[in-house]
file final-v4.cif (mmCIF, C-alpha atoms)
data_my_file
loop_
_atom_site.label_atom_id
_atom_site.label_comp_id
_atom_site.auth_asym_id
_atom_site.auth_seq_id
_atom_site.Cartn_x
_atom_site.Cartn_y
_atom_site.Cartn_z
CA MET I 18 22.05 24.15 -1.09
CA ILE I 19 23.15 20.54 -1.37
CA LYS I 20 26.68 20.43 -2.73
CA THR I 21 29.04 17.63 -3.73
CA GLU I 22 32.77 18.07 -4.25
CA ASN I 23 34.61 15.33 -6.17
CA LEU I 24 32.18 12.79 -4.69
CA GLN I 25 33.34 9.20 -5.00
CA TYR I 26 31.79 6.01 -3.73
CA ASN I 27 32.96 2.40 -3.90
CA TYR I 28 30.97 -0.74 -3.20
CA GLU I 29 32.89 -3.64 -1.71
CA THR I 30 32.08 -7.08 -3.16
CA ASP I 31 32.00 -10.37 -1.27
CA ASP I 32 35.54 -11.15 -2.40
CA GLU I 33 36.71 -7.78 -1.01
CA LYS I 34 37.10 -6.14 -4.40
CA GLU I 35 35.94 -2.54 -4.78
CA ILE I 36 33.63 -1.37 -7.54
CA LYS I 37 33.63 2.36 -8.27
CA VAL I 38 30.04 3.54 -8.45
CA LEU I 39 30.49 7.33 -8.26
CA LYS I 40 33.53 8.79 -9.96
CA GLY I 41 34.17 12.35 -8.86
CA ILE I 42 30.86 14.22 -9.01
CA ASP I 43 30.62 17.99 -8.54
CA LEU I 44 27.06 19.29 -8.18
CA GLU I 45 25.03 22.06 -6.57
CA ILE I 46 21.28 21.75 -5.97
CA HIS I 47 19.69 25.01 -4.86
CA LYS I 48 16.69 25.86 -2.71
CA GLY I 49 13.39 25.62 -4.59
CA GLU I 50 14.74 23.67 -7.57
CA PHE I 51 12.90 20.72 -9.11
CA VAL I 52 15.66 18.40 -10.29
CA ALA I 53 15.16 15.14 -12.19
CA LEU I 54 17.96 12.62 -11.85
CA VAL I 55 17.94 10.12 -14.71
CA GLY I 56 20.14 7.35 -16.05
CA HIS I 57 20.13 3.72 -17.04
CA ASN I 58 20.09 1.03 -14.34
CA GLY I 59 23.48 0.97 -12.67
CA SER I 60 24.36 4.54 -13.63
CA GLY I 61 24.66 5.55 -9.96
CA LYS I 62 21.67 7.86 -9.63
CA SER I 63 20.16 6.20 -6.54
CA THR I 64 23.60 5.88 -4.95
CA LEU I 65 24.15 9.59 -5.51
CA ALA I 66 20.77 10.50 -3.99
CA LYS I 67 21.45 8.41 -0.88
CA HIS I 68 24.49 10.61 -0.22
CA PHE I 69 22.26 13.68 -0.01
CA ASN I 70 20.76 12.58 3.31
CA ALA I 71 23.73 10.56 4.59
CA VAL I 72 22.21 7.12 4.03
CA LEU I 73 25.56 6.52 2.31
CA LEU I 74 28.83 8.28 3.12
CA PRO I 75 31.52 9.17 0.56
CA SER I 76 34.51 6.95 -0.13
CA GLY I 77 36.17 10.14 -1.32
CA GLY I 78 35.27 13.80 -1.69
CA LYS I 79 32.59 15.66 0.27
CA VAL I 80 28.82 16.20 0.46
CA TYR I 81 27.40 19.27 2.19
CA VAL I 82 23.78 19.97 3.12
CA GLU I 83 23.58 23.70 3.84
CA ASN I 84 27.26 23.61 4.88
CA LEU I 85 26.75 20.54 7.10
CA ASP I 86 29.30 17.84 6.25
CA THR I 87 27.48 14.50 5.85
CA SER I 88 30.57 12.57 6.97
CA ASP I 89 30.36 14.17 10.42
CA GLU I 90 28.45 11.61 12.52
CA GLU I 91 27.28 14.26 14.97
CA LEU I 92 25.43 16.06 12.16
CA ILE I 93 23.63 13.10 10.57
CA PHE I 94 20.44 13.53 12.64
CA GLU I 95 20.17 17.20 11.66
CA ILE I 96 20.91 16.39 7.99
CA ARG I 97 18.15 13.78 7.86
CA ARG I 98 15.69 16.25 9.35
CA ARG I 99 16.46 18.59 6.45
CA VAL I 100 16.52 15.99 3.67
CA GLY I 101 13.67 13.46 3.51
CA MET I 102 13.56 10.43 1.21
CA VAL I 103 10.65 8.48 -0.30
CA PHE I 104 11.28 5.10 -1.93
CA GLN I 105 9.68 2.99 -4.68
CA ASN I 106 7.42 0.69 -2.71
CA PRO I 107 4.92 2.54 -0.48
CA ASP I 108 4.06 -0.64 1.43
CA ASN I 109 7.62 -0.76 2.77
CA GLN I 110 7.31 2.76 4.21
CA LEU I 111 4.02 2.52 6.10
CA VAL I 112 4.32 1.46 9.73
CA ALA I 113 0.94 2.12 11.41
CA THR I 114 -2.60 0.81 11.07
CA ILE I 115 -4.22 4.26 10.71
CA VAL I 116 -3.16 6.91 8.18
CA GLU I 117 -2.77 9.80 10.62
CA GLU I 118 -0.80 7.61 13.05
CA ASP I 119 1.58 6.71 10.24
CA VAL I 120 2.17 10.36 9.37
CA ALA I 121 2.70 11.17 13.06
CA PHE I 122 5.30 8.41 13.52
CA ALA I 123 8.41 10.43 12.61
CA PRO I 124 7.48 13.62 14.54
CA GLU I 125 6.73 11.49 17.62
CA ASN I 126 10.19 9.97 17.38
CA LEU I 127 11.66 13.45 17.14
CA GLY I 128 10.08 14.24 20.52
CA ILE I 129 7.82 16.99 19.22
CA GLU I 130 4.94 18.19 21.40
CA SER I 131 1.55 16.54 20.81
CA GLU I 132 -0.20 19.75 19.77
CA LYS I 133 2.49 20.53 17.20
CA ILE I 134 2.37 16.95 15.90
CA ARG I 135 -1.38 17.35 15.34
CA GLN I 136 -0.73 20.53 13.33
CA ARG I 137 2.03 18.90 11.32
CA VAL I 138 -0.03 15.81 10.51
CA ASP I 139 -3.03 17.84 9.37
CA SER I 140 -0.83 20.16 7.31
CA ALA I 141 1.04 17.27 5.66
CA LEU I 142 -2.15 15.38 4.81
CA ASN I 143 -3.71 18.51 3.34
CA ALA I 144 -0.56 19.13 1.28
CA VAL I 145 -0.89 15.72 -0.41
CA GLY I 146 -4.69 15.81 -0.66
CA MET I 147 -5.24 12.92 1.80
CA TYR I 148 -6.78 14.64 4.83
CA ALA I 149 -10.17 13.03 4.16
CA HIS I 150 -8.55 9.59 4.52
CA ARG I 151 -6.79 10.34 7.83
CA LEU I 152 -8.77 7.75 9.83
CA GLU I 153 -8.57 4.96 7.27
CA ALA I 154 -6.29 1.92 7.24
CA PRO I 155 -3.33 2.36 4.82
CA HIS I 156 -3.64 -1.18 3.46
CA LEU I 157 -7.11 -0.35 2.10
CA LEU I 158 -5.83 2.55 -0.02
CA SER I 159 -4.69 2.47 -3.64
CA GLY I 160 -1.00 2.45 -4.56
CA GLY I 161 -1.03 6.15 -5.45
CA GLN I 162 -2.77 7.03 -2.19
CA LYS I 163 -0.26 4.98 -0.19
CA GLN I 164 2.63 6.78 -1.85
CA ARG I 165 1.03 10.13 -1.04
CA ILE I 166 0.78 9.02 2.61
CA ALA I 167 4.49 8.11 2.51
CA ILE I 168 5.23 11.61 1.18
CA ALA I 169 3.06 13.12 3.95
CA GLY I 170 5.09 11.19 6.53
CA ILE I 171 8.23 12.91 5.25
CA LEU I 172 6.53 16.33 5.08
CA ALA I 173 5.53 16.03 8.73
CA MET I 174 9.23 16.24 9.57
CA GLN I 175 9.24 19.63 7.77
CA PRO I 176 12.27 18.96 5.56
CA LYS I 177 13.75 21.53 3.22
CA TYR I 178 14.52 18.94 0.55
CA ILE I 179 12.63 15.83 -0.51
CA ILE I 180 14.17 13.01 -2.56
CA LEU I 181 11.85 10.62 -4.38
CA ASP I 182 13.50 7.44 -5.65
CA GLU I 183 11.32 6.25 -8.55
CA PRO I 184 8.13 6.84 -6.52
CA THR I 185 5.82 5.92 -9.42
CA ALA I 186 7.64 2.78 -10.60
CA MET I 187 5.15 0.41 -8.96
CA LEU I 188 2.00 2.44 -9.65
CA ASP I 189 -0.70 2.30 -12.31
CA PRO I 190 -1.28 5.36 -14.56
CA ILE I 191 -3.86 6.87 -12.18
CA GLY I 192 -1.56 6.45 -9.18
CA ARG I 193 1.35 7.93 -11.14
CA LYS I 194 -0.75 10.97 -12.04
CA GLU I 195 -1.78 11.51 -8.40
CA VAL I 196 1.80 11.34 -7.10
CA LEU I 197 3.25 13.54 -9.85
CA ALA I 198 0.58 16.19 -9.24
CA THR I 199 1.48 16.13 -5.53
CA ILE I 200 5.20 16.51 -6.24
CA SER I 201 4.61 19.40 -8.64
CA ARG I 202 2.31 21.16 -6.17
CA LEU I 203 4.84 20.86 -3.33
CA ASN I 204 7.52 22.42 -5.49
CA LYS I 205 5.44 25.25 -6.91
CA GLU I 206 3.24 26.16 -3.94
CA GLN I 207 5.56 25.42 -1.00
CA ASN I 208 8.90 26.07 -2.73
CA MET I 209 10.01 22.59 -1.68
CA THR I 210 13.28 21.47 -3.23
CA VAL I 211 12.47 18.25 -5.10
CA ILE I 212 14.95 15.67 -6.36
CA LEU I 213 13.10 13.10 -8.47
CA ILE I 214 14.84 9.92 -9.57
CA THR I 215 12.99 8.50 -12.55
CA HIS I 216 13.35 6.52 -15.76
CA TYR I 217 10.21 8.05 -17.28
CA MET I 218 11.23 10.93 -19.54
CA GLU I 219 7.75 12.46 -19.37
CA GLU I 220 8.28 12.79 -15.60
CA ALA I 221 11.74 14.26 -16.06
CA ALA I 222 10.25 16.84 -18.44
CA MET I 223 8.27 18.30 -15.51
CA ALA I 224 11.49 19.38 -13.78
CA ASP I 225 13.34 22.68 -13.98
CA ARG I 226 16.60 20.82 -14.46
CA ILE I 227 17.64 17.35 -15.60
CA ILE I 228 20.87 15.63 -14.54
CA VAL I 229 21.79 12.63 -16.70
CA MET I 230 24.17 10.03 -15.30
CA ARG I 231 26.20 7.28 -16.94
CA ASP I 232 28.82 4.97 -15.43
CA GLY I 233 28.99 6.88 -12.17
CA GLY I 234 29.38 10.34 -13.67
CA VAL I 235 27.26 13.27 -14.88
CA ILE I 236 27.16 13.54 -18.68
CA LEU I 237 24.38 16.14 -19.11
CA ASP I 238 23.04 18.86 -16.82
CA GLY I 239 20.56 21.46 -18.01
CA THR I 240 16.94 22.41 -18.62
CA PRO I 241 14.64 19.84 -20.26
CA LYS I 242 14.91 21.71 -23.56
CA GLU I 243 18.71 21.73 -23.37
CA VAL I 244 18.91 18.05 -22.45
CA PHE I 245 16.30 16.48 -24.74
CA VAL I 246 17.79 17.90 -27.94
CA LYS I 247 20.89 15.80 -27.18
CA THR I 248 19.12 12.77 -28.62
CA ASP I 249 22.27 10.91 -29.66
CA VAL I 250 23.73 11.19 -26.17
CA LEU I 251 20.50 10.10 -24.49
CA LYS I 252 19.95 7.12 -26.77
CA SER I 253 23.58 6.01 -26.38
CA THR I 254 22.86 5.99 -22.64
CA GLY I 255 19.81 3.76 -23.11
CA LEU I 256 17.31 6.55 -22.41
CA ASP I 257 14.26 7.65 -24.38
CA ILE I 258 13.09 11.15 -25.14
CA PRO I 259 9.52 12.47 -24.79
CA GLN I 260 7.27 11.44 -27.68
CA THR I 261 6.54 15.09 -28.45
CA THR I 262 10.24 15.85 -28.87
CA GLU I 263 10.71 12.72 -30.98
CA LEU I 264 7.86 13.75 -33.27
CA MET I 265 9.31 17.22 -33.86
CA LEU I 266 12.76 15.78 -34.53
CA ALA I 267 11.26 13.31 -37.02
CA LEU I 268 9.57 16.19 -38.86
CA ALA I 269 12.84 18.13 -38.91
CA ASP I 270 14.64 15.10 -40.34
CA LYS I 271 12.08 15.08 -43.16
CA GLY I 272 13.09 18.64 -44.04
CA ILE I 273 10.12 20.31 -42.33
CA ASP I 274 11.07 23.53 -40.57
CA SER I 275 9.85 22.72 -37.05
CA ALA I 276 11.13 23.55 -33.57
CA ARG I 277 13.42 20.83 -32.21
CA ASP I 278 13.11 21.65 -28.49
CA VAL I 279 9.41 20.87 -27.98
CA ILE I 280 8.64 19.17 -24.67
CA THR I 281 4.97 19.43 -23.69
CA VAL I 282 1.87 18.33 -25.59
CA ASP I 283 0.65 21.94 -25.72
CA GLU I 284 3.92 23.07 -27.30
CA CYS I 285 3.67 20.22 -29.80
CA VAL I 286 0.11 21.17 -30.78
CA GLU I 287 1.15 24.81 -31.18
CA GLU I 288 4.03 23.88 -33.49
CA ILE I 289 1.89 21.57 -35.64
CA LEU I 290 -0.78 24.27 -36.00
CA LYS I 291 1.93 26.68 -37.20
CA LEU I 292 3.05 24.16 -39.80
CA ILE I 293 -0.51 23.61 -41.02
#

call {"tool": "encode", "arguments": {"input": "final-v4.cif", "output": "structure tokens"}}
result
Amino acid sequence: MIKTENLQYNYETDDEKEIKVLKGIDLEIHKGEFVALVGHNGSGKSTLAKHFNAVLLPSGGKVYVENLDTSDEELIFEIRRRVGMVFQNPDNQLVATIVEEDVAFAPENLGIESEKIRQRVDSALNAVGMYAHRLEAPHLLSGGQKQRIAIAGILAMQPKYIILDEPTAMLDPIGRKEVLATISRLNKEQNMTVILITHYMEEAAMADRIIVMRDGGVILDGTPKEVFVKTDVLKSTGLDIPQTTELMLALADKGIDSARDVITVDECVEEILKLI
């Protein structure tokens, strides 16, 4: 698992003042989980995620990746092999002029044998549905396709955990759909542990577990059904709830006996048919 114990992190400003960004976080993320990390801008969610693969190191407390202490410099290479990270802008993550060369970049730098690199590249591209584009130039692909190539580049390192920091923020609806389908497939079919940072509640609803952050701390942690019924807490944090949940809550407020923990469109349709 990935585990934090009283995790604290301070940013230092230009005038040498410290700003507390993470304020004593205790978390466990287990193998195979799909976790959505949500919160308003400045809540600390991206800062927290960057501790999971030692991009940032704690100002206080500890972070462990399968019992490896991220503050131990000798372990950082091994930690980053286990925990891969994909960022918002796919253009900033692509380094080669051919798709398969881009996916091979990280394994080559790990010193892996050529034959094994070939296997890893093909496997990663198949996993994200981009094998047919392996000989194309990345700059000619759509935003969603580029982001899937970026994910393949991480998969080629064969991590146990993958962190995605708002991977659909710069994509159109079609690109978003492609990337989300890829993330879901990796979690369900390959048992990949996924940590998705997002501000879209419909994306968070796909997860097994949602962690809500505010002011550098965790204020909610539970299943989508457990979290989304806490509407007052979410709205006070500046977050929305899925439209399906909002509809059911609006009906309940009108005195109609409807389920309050509806998340998906199918669940919403089922509840409305019952009412009719």

call {"tool": "resolve_selection", "arguments": {"input": "final-v4.cif", "expression": "the PyMOL selection byres ((chain I and resi 70) around 9)", "output": "number ranges by chain"}}
result
I: 66-69, 71-73, 82, 87, 93, 96-102, 180

call {"tool": "residues_around", "arguments": {"input": "final-v4.cif", "residues": "range 170-172 of chain I", "least_positions_apart": "5", "cutoff": "10 Å", "atoms": "all atoms listed in the file", "output": "number ranges by chain"}}
result
I: 98, 100-103, 110-111, 116-124, 137-138, 140-142, 144-145, 164-165, 177-180, 203, 209

call {"tool": "atom_distance", "arguments": {"input": "final-v4.cif", "atom1": "CA of Pro241 in chain I", "atom2": "CA of Pro190 in chain I"}}
result
22.3 Å

call {"tool": "closest_residue", "arguments": {"input": "final-v4.cif", "among": "I:Leu24, I:Leu264, I:Val250, I:Met187", "to": "Gly77 in chain I", "atoms": "only C-alpha atoms"}}
result
I:Leu24

call {"tool": "resolve_selection", "arguments": {"input": "final-v4.cif", "expression": "the PyMOL selection byres ((chain I and resi 194-198) around 9)", "output": "list in words"}}
result
Val145, Gly161, Gln162, Gln164, Arg165, Ile168, Pro184, Thr185, Asp189, Pro190, Ile191, Gly192, Arg193, Thr199, Ile200, Ser201, Arg202, Leu203, Glu220 and Met223 of chain I

call {"tool": "closest_residue", "arguments": {"input": "final-v4.cif", "among": "I:His156, I:Lys20, I:Lys205, I:Val38", "to": "Ala113 in chain I", "atoms": "only C-alpha atoms"}}
result
I:His156

call {"tool": "atom_distance", "arguments": {"input": "final-v4.cif", "atom1": "CA of Gln105 in chain I", "atom2": "CA of Lys62 in chain I"}}
result
13.9 Å

call {"tool": "resolve_selection", "arguments": {"input": "final-v4.cif", "expression": "the PyMOL selection byres ((chain I and resi 41) around 8)", "output": "PyMOL selection string"}}
result
chain I and resi 22-25+39-40+42-43+78+234

call {"tool": "closest_residue", "arguments": {"input": "final-v4.cif", "among": "I:Gln175, I:Ser159, I:Gln260, I:Asn143", "to": "Pro107 in chain I", "atoms": "all atoms listed in the file"}}
result
I:Ser159

call {"tool": "residues_around", "arguments": {"input": "final-v4.cif", "residues": "Tyr81 in chain I", "least_positions_apart": "3", "cutoff": "7 Å", "atoms": "only C-alpha atoms", "output": "number ranges by chain"}}
result
I: 19-21, 84-87

call {"tool": "residues_around", "arguments": {"input": "final-v4.cif", "residues": "Glu288 in chain I", "least_positions_apart": "5", "cutoff": "9 Å", "atoms": "all atoms listed in the file", "output": "PyMOL selection string"}}
result
chain I and resi 265+275-276+279+283+293

call {"tool": "closest_residue", "arguments": {"input": "final-v4.cif", "among": "I:Arg231, I:Lys133, I:Lys37, I:His150", "to": "Val55 in chain I", "atoms": "only C-alpha atoms"}}
result
I:Arg231

call {"tool": "atom_distance", "arguments": {"input": "final-v4.cif", "atom1": "CA of Ala169 in chain I", "atom2": "CA of Asp182 in chain I"}}
result
15.3 Å

call {"tool": "closest_residue", "arguments": {"input": "final-v4.cif", "among": "I:Leu44, I:Ser63, I:Asn58, I:Ile129", "to": "Lys79 in chain I", "atoms": "all atoms listed in the file"}}
result
I:Leu44

call {"tool": "closest_residue", "arguments": {"input": "final-v4.cif", "among": "I:Asp32, I:Leu256, I:Phe245, I:Val52", "to": "Arg226 in chain I", "atoms": "all atoms listed in the file"}}
result
I:Val52

call {"tool": "residues_around", "arguments": {"input": "final-v4.cif", "residues": "Gly56 in chain I", "least_positions_apart": "2", "cutoff": "9 Å", "atoms": "all atoms listed in the file", "output": "NGL selection string"}}
result
:I and (54 or 58-62 or 214-216 or 228-231 or 251 or 254-256)
